[in-house]
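Reviewing the structure listed below.
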Amino acid sequence: MKIRKWAAFLAASTLLLAACGTDDDADEPETDDTAEDTTDDDAADEPEDEGDDDGEAAGDVPEDWPDELVLTLQPAENPEALFDDADALAALLADRLGIAVSATVPDDYQAVIVALQSGAADIGGGFGPVNIARAMDQAGAEPILQSERFGEFLYVSQWFTNDPDTFCGDEPVEETYEDDGVEYTMLFCNGVNELETSEDGPIGLEFLENVGDVTISFVAEGSASGQVFPAFGLIQAGFDLDELDTIIAGGHVESVLAVANGDAVVGVSYNDAREDLVEERDTIGEEVVVFAWSDPIPNDGFVIRGDLPQSLKDAVTEALLDIANDEADGEILLDLYNIDGFRPADPADFENARQVDNELGELLG
């Protein structure tokens with residue numbers, strides 16, 4: 001598939017268009033017990049007092065809240081598991097908010113923006129930085145939380161290859177890791193293994209000049225680390241994207257496999273997507289060599305429709321923080337997107353993603 005499909009995608013997009021919770025969060029009144037109290041005759045006789053409390057008591061929601069919210073999640077690997085986890089997260093939100101919450105997972109990155117814009121969805125989760133910027137610009141959504149992952153709020157797009165002779169300026173270096181008692185090896189070159197955090201990038205991008213005659217594996221249309229930032233990097237390296245041979249793998253893991261299986265010579269993903277394959281293919285880190293990192297990219301996060309009541313926006317934010325801080329419930333966020341926690345989202349943190357996305361769209365016409 002030629003990258004020219006990018007231009008149509010971006011044009012359509014234009015048209016269609018951690019702070020941890022406090023202990024007090026965990027001490028909110030339990031909804032079940034309080035809800036039972038509201039059935040008493042005394043409670044029924046005091047509707048005005050309950051309303052004056054702005055619905056803070058569980059089971060008594062503000063009158064301007066909708067009866068139901070729809071949570072839409074950005075597509076990712078293992079869609080079947082994502083659907084199950086999406087439903088589980090929706091149930092946890094419903095318990096904390098006192099209103100029904102349903103979940104949906106569209107087929108592609110742009111569909112989640114359309115869902116927010118049309119009112120078919122109210123909350124967006126797992127949105128990468130490009131989609132957060134698009135959600136703000138095209139759907140009037142507001143970012144509420146940014147994900148923490150492995151202690152960082154930034155990540156990178158990594159470039160990898162099955163041809164280190166061409167894309168490595170030095171001999172690949174082995175790094176050994178251990179997970180649940182199982183050791184595995186990862187190969188790096190061009191000094192990538194010496195970087196400690198995502199803020200240390202970029203590195204190795206000068207070797208992109210060698211991609212002109214090889215097949216490149218991208219992740220998905222609209223993926224920040226899997227297409228937008230790498231495509232912009234290729235333009236900066238002097239390439240006409242229409243003249244490159246590219247494929248869309250469909251996911252970060254799939255992009256790694258495309259290179260490992262020889263369907264592409266180089267590929268991109270978030271760092272380090274190879275680890276997601278170690279359990280089923282323990283040699284993957286030796287078959288695919290990481291040779292470059294992009295500039296730092298802000299982590300994904302959650303957004304909410306801008307026209308919802310402020311009290312509801314605040315309640316959703318607090319509910320998600322509470323879920324993240326709950327040892328048991330927080331496993332859902334780990335299962336969904338490897339989210340360790342959240343911090344309040346600052347729209348300014350996604351400005352570089354907006355600039356890259358806009359500049360790329362202008363370059364492609």
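Ordered as shown in the structure tokens, chains take letters A, B, and onward, while each chain numbers its residues from 1 and ligands are numbered from 1 in the order shown.
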
List the spatial neighbours of Asp165 in chain A as a PyMOL selection string - criterion: any atom at most 12 Å away, only C-alpha atoms, same-chain residues fewer than 6 positions off excluded. chain A and resi 171-172+189-190+207+210+265+289+291

Got a sec: who's within 7 Å of range 267-278 of chain A, counting only C-alpha atoms, leaving out chain neighbours fewer than 5 positions off, as a list in words?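 Within the cut-off, the hits are Tyr155, Val156, Ser157, Gln158, Trp159, Phe160, Thr161, Ile216, Ser217, Phe218, Val219, Ser225, Gly226, His252, Val253, Ser255, Val256, Val259, Ile284 and Gly285 of chain A.
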
Could you save the residues just selected, with N, CA and C atoms, as an mmCIF file, in the first residue's frame?
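Printed below is part_14.cif as written:
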data_model
loop_
_atom_site.group_PDB
_atom_site.id
_atom_site.type_symbol
_atom_site.label_atom_id
_atom_site.label_comp_id
_atom_site.auth_asym_id
_atom_site.auth_seq_id
_atom_site.Cartn_x
_atom_site.Cartn_y
_atom_site.Cartn_z
ATOM 1 N N TYR A 155 7.213 8.822 25.248
ATOM 2 C CA TYR A 155 7.733 7.610 24.628
ATOM 3 C C TYR A 155 8.324 7.995 23.278
ATOM 4 N N VAL A 156 8.779 7.017 22.509
ATOM 5 C CA VAL A 156 9.366 7.318 21.207
ATOM 6 C C VAL A 156 8.835 6.344 20.171
ATOM 7 N N SER A 157 9.007 6.732 18.922
ATOM 8 C CA SER A 157 8.833 5.801 17.813
ATOM 9 C C SER A 157 10.192 5.179 17.552
ATOM 10 N N GLN A 158 10.258 3.847 17.592
ATOM 11 C CA GLN A 158 11.535 3.183 17.325
ATOM 12 C C GLN A 158 11.535 2.632 15.903
ATOM 13 N N TRP A 159 12.712 2.712 15.278
ATOM 14 C CA TRP A 159 12.935 2.125 13.964
ATOM 15 C C TRP A 159 13.729 0.844 14.145
ATOM 16 N N PHE A 160 13.320 -0.204 13.448
ATOM 17 C CA PHE A 160 14.022 -1.485 13.562
ATOM 18 C C PHE A 160 14.171 -2.120 12.169
ATOM 19 N N THR A 161 15.048 -3.122 12.088
ATOM 20 C CA THR A 161 15.364 -3.719 10.793
ATOM 21 C C THR A 161 15.793 -5.177 10.926
ATOM 22 N N ILE A 216 8.872 -0.522 3.910
ATOM 23 C CA ILE A 216 8.763 0.026 5.266
ATOM 24 C C ILE A 216 7.419 -0.388 5.855
ATOM 25 N N SER A 217 7.439 -0.859 7.072
ATOM 26 C CA SER A 217 6.208 -1.246 7.756
ATOM 27 C C SER A 217 5.763 -0.164 8.728
ATOM 28 N N PHE A 218 4.593 0.435 8.452
ATOM 29 C CA PHE A 218 3.949 1.334 9.391
ATOM 30 C C PHE A 218 2.912 0.549 10.195
ATOM 31 N N VAL A 219 2.432 1.150 11.275
ATOM 32 C CA VAL A 219 1.515 0.458 12.178
ATOM 33 C C VAL A 219 0.065 0.610 11.752
ATOM 34 N N SER A 225 3.196 7.162 16.924
ATOM 35 C CA SER A 225 4.516 6.528 16.821
ATOM 36 C C SER A 225 4.593 5.572 15.660
ATOM 37 N N GLY A 226 3.427 5.095 15.187
ATOM 38 C CA GLY A 226 3.410 4.081 14.150
ATOM 39 C C GLY A 226 3.245 4.599 12.745
ATOM 40 N N HIS A 252 1.234 -2.527 16.361
ATOM 41 C CA HIS A 252 2.649 -2.401 16.694
ATOM 42 C C HIS A 252 3.345 -3.763 16.672
ATOM 43 N N VAL A 253 2.729 -4.758 17.291
ATOM 44 C CA VAL A 253 3.283 -6.109 17.270
ATOM 45 C C VAL A 253 3.348 -6.632 15.840
ATOM 46 N N SER A 255 3.702 -4.936 13.175
ATOM 47 C CA SER A 255 4.781 -4.262 12.457
ATOM 48 C C SER A 255 6.125 -4.928 12.747
ATOM 49 N N VAL A 256 6.336 -5.299 14.013
ATOM 50 C CA VAL A 256 7.557 -6.030 14.363
ATOM 51 C C VAL A 256 7.606 -7.350 13.612
ATOM 52 N N VAL A 259 8.611 -7.214 9.892
ATOM 53 C CA VAL A 259 10.052 -7.143 9.648
ATOM 54 C C VAL A 259 10.723 -8.474 9.980
ATOM 55 N N ILE A 284 12.644 -13.028 19.078
ATOM 56 C CA ILE A 284 12.242 -11.852 18.314
ATOM 57 C C ILE A 284 13.220 -10.692 18.482
ATOM 58 N N GLY A 285 13.775 -10.540 19.677
ATOM 59 C CA GLY A 285 14.697 -9.437 19.931
ATOM 60 C C GLY A 285 16.018 -9.569 19.208
#

Using backbone DSSP assignments, extract all strand (DSSP E or B) residues from range 81-307 of chain A; output them as a PyMOL selection string. chain A and resi 100-104+123-127+141-149+152+154-155+157-161+173-179+182-188+203+215-218+245-248+266-270+289-293+297-298+301-305

Given the selection you just returned, output its residues as a file containing C-alpha atoms, formatted as a short mmCIF file (atom, residue, chain, number, x, y, z; two decimals), in the first residue's frame.
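Once everything was written out, this is part-v4.cif:
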data_model
loop_
_atom_site.label_atom_id
_atom_site.label_comp_id
_atom_site.auth_asym_id
_atom_site.auth_seq_id
_atom_site.Cartn_x
_atom_site.Cartn_y
_atom_site.Cartn_z
CA ALA A 100 -24.90 3.65 32.86
CA VAL A 101 -21.69 3.49 30.81
CA SER A 102 -21.30 1.40 27.66
CA ALA A 103 -18.14 0.81 25.62
CA THR A 104 -17.29 0.68 21.94
CA ILE A 123 -15.33 9.68 26.62
CA GLY A 124 -12.28 8.64 24.61
CA GLY A 125 -9.59 6.38 26.06
CA GLY A 126 -6.15 5.30 24.92
CA PHE A 127 -5.99 8.25 22.52
CA ALA A 141 -13.12 17.46 23.16
CA GLU A 142 -11.01 18.21 26.22
CA PRO A 143 -8.03 16.13 27.39
CA ILE A 144 -8.49 15.17 31.04
CA LEU A 145 -5.75 12.65 31.88
CA GLN A 146 -2.40 11.63 30.45
CA SER A 147 -1.15 8.07 30.90
CA GLU A 148 1.92 7.11 32.87
CA ARG A 149 3.79 4.10 31.54
CA GLU A 152 7.32 8.06 32.01
CA LEU A 154 6.82 10.35 27.08
CA TYR A 155 7.73 7.61 24.63
CA SER A 157 8.83 5.80 17.81
CA GLN A 158 11.54 3.18 17.32
CA TRP A 159 12.94 2.12 13.96
CA PHE A 160 14.02 -1.49 13.56
CA THR A 161 15.36 -3.72 10.79
CA VAL A 173 24.85 -4.91 20.91
CA GLU A 174 23.07 -7.56 22.95
CA GLU A 175 21.10 -6.56 26.02
CA THR A 176 19.76 -9.33 28.27
CA TYR A 177 16.50 -8.93 30.19
CA GLU A 178 14.49 -11.12 32.53
CA ASP A 179 10.74 -11.40 32.94
CA VAL A 182 12.70 -16.05 31.68
CA GLU A 183 15.75 -14.42 30.09
CA TYR A 184 15.67 -12.99 26.60
CA THR A 185 18.02 -10.96 24.41
CA MET A 186 17.40 -7.73 22.52
CA LEU A 187 19.69 -6.30 19.83
CA PHE A 188 20.37 -2.58 19.40
CA ILE A 203 19.21 8.97 17.79
CA THR A 215 9.75 -1.88 2.13
CA ILE A 216 8.76 0.03 5.27
CA SER A 217 6.21 -1.25 7.76
CA PHE A 218 3.95 1.33 9.39
CA ASP A 245 7.23 1.25 -0.73
CA THR A 246 5.17 0.99 2.46
CA ILE A 247 2.75 -1.39 4.10
CA ILE A 248 0.28 -0.95 6.95
CA VAL A 266 12.49 -1.76 8.25
CA GLY A 267 9.54 -0.91 10.47
CA VAL A 268 8.33 1.32 13.27
CA SER A 269 6.49 0.85 16.55
CA TYR A 270 6.41 2.23 20.05
CA VAL A 289 17.44 -4.88 15.55
CA VAL A 290 16.42 -1.45 16.82
CA PHE A 291 18.59 1.15 15.09
CA ALA A 292 16.93 4.54 15.77
CA TRP A 293 14.61 6.52 18.03
CA ILE A 297 6.31 11.86 21.89
CA PRO A 298 3.77 12.61 24.65
CA GLY A 301 -4.55 9.72 27.48
CA PHE A 302 -8.28 10.18 27.98
CA VAL A 303 -10.50 12.90 26.53
CA ILE A 304 -14.11 13.91 27.14
CA ARG A 305 -16.71 15.81 25.13
#

Using only C-alpha atoms, which residues of range 150-206 of chain A come within 9 Å of range 331-353 of chain A, and what is the closest atom pair for each, with the distance in Å to one decimal? Give it as a Markdown table, sorted by chain and residue number.
| residue | atom | partner | partner_atom | distance |
| --- | --- | --- | --- | --- |
| A:Phe150 | CA | A:Asp340 | CA | 6.9 |
| A:Gly151 | CA | A:Asp340 | CA | 7.7 |
| A:Phe153 | CA | A:Arg343 | CA | 8.7 |

Suppose you want the space between CA of Asp263 in chain A and CA of Ala249 in chain A; what is it in Å? 9.6 Å

Excluding same-chain residues fewer than 2 positions from Ile323 in chain A, what lies within 12 Å of it counting only C-alpha atoms, as an MDAnalysis selection string? chainID A and resid 20:22 25:26 88:97 316:321 325:334 339:342

Taking into account only C-alpha atoms, which residue in the set A:Leu234, A:Pro106, A:Ile99, A:Glu287 is nearest to Ala258 in chain A?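 Of the candidates, the smallest distance to Ala258 in chain A is held by A:Glu287.
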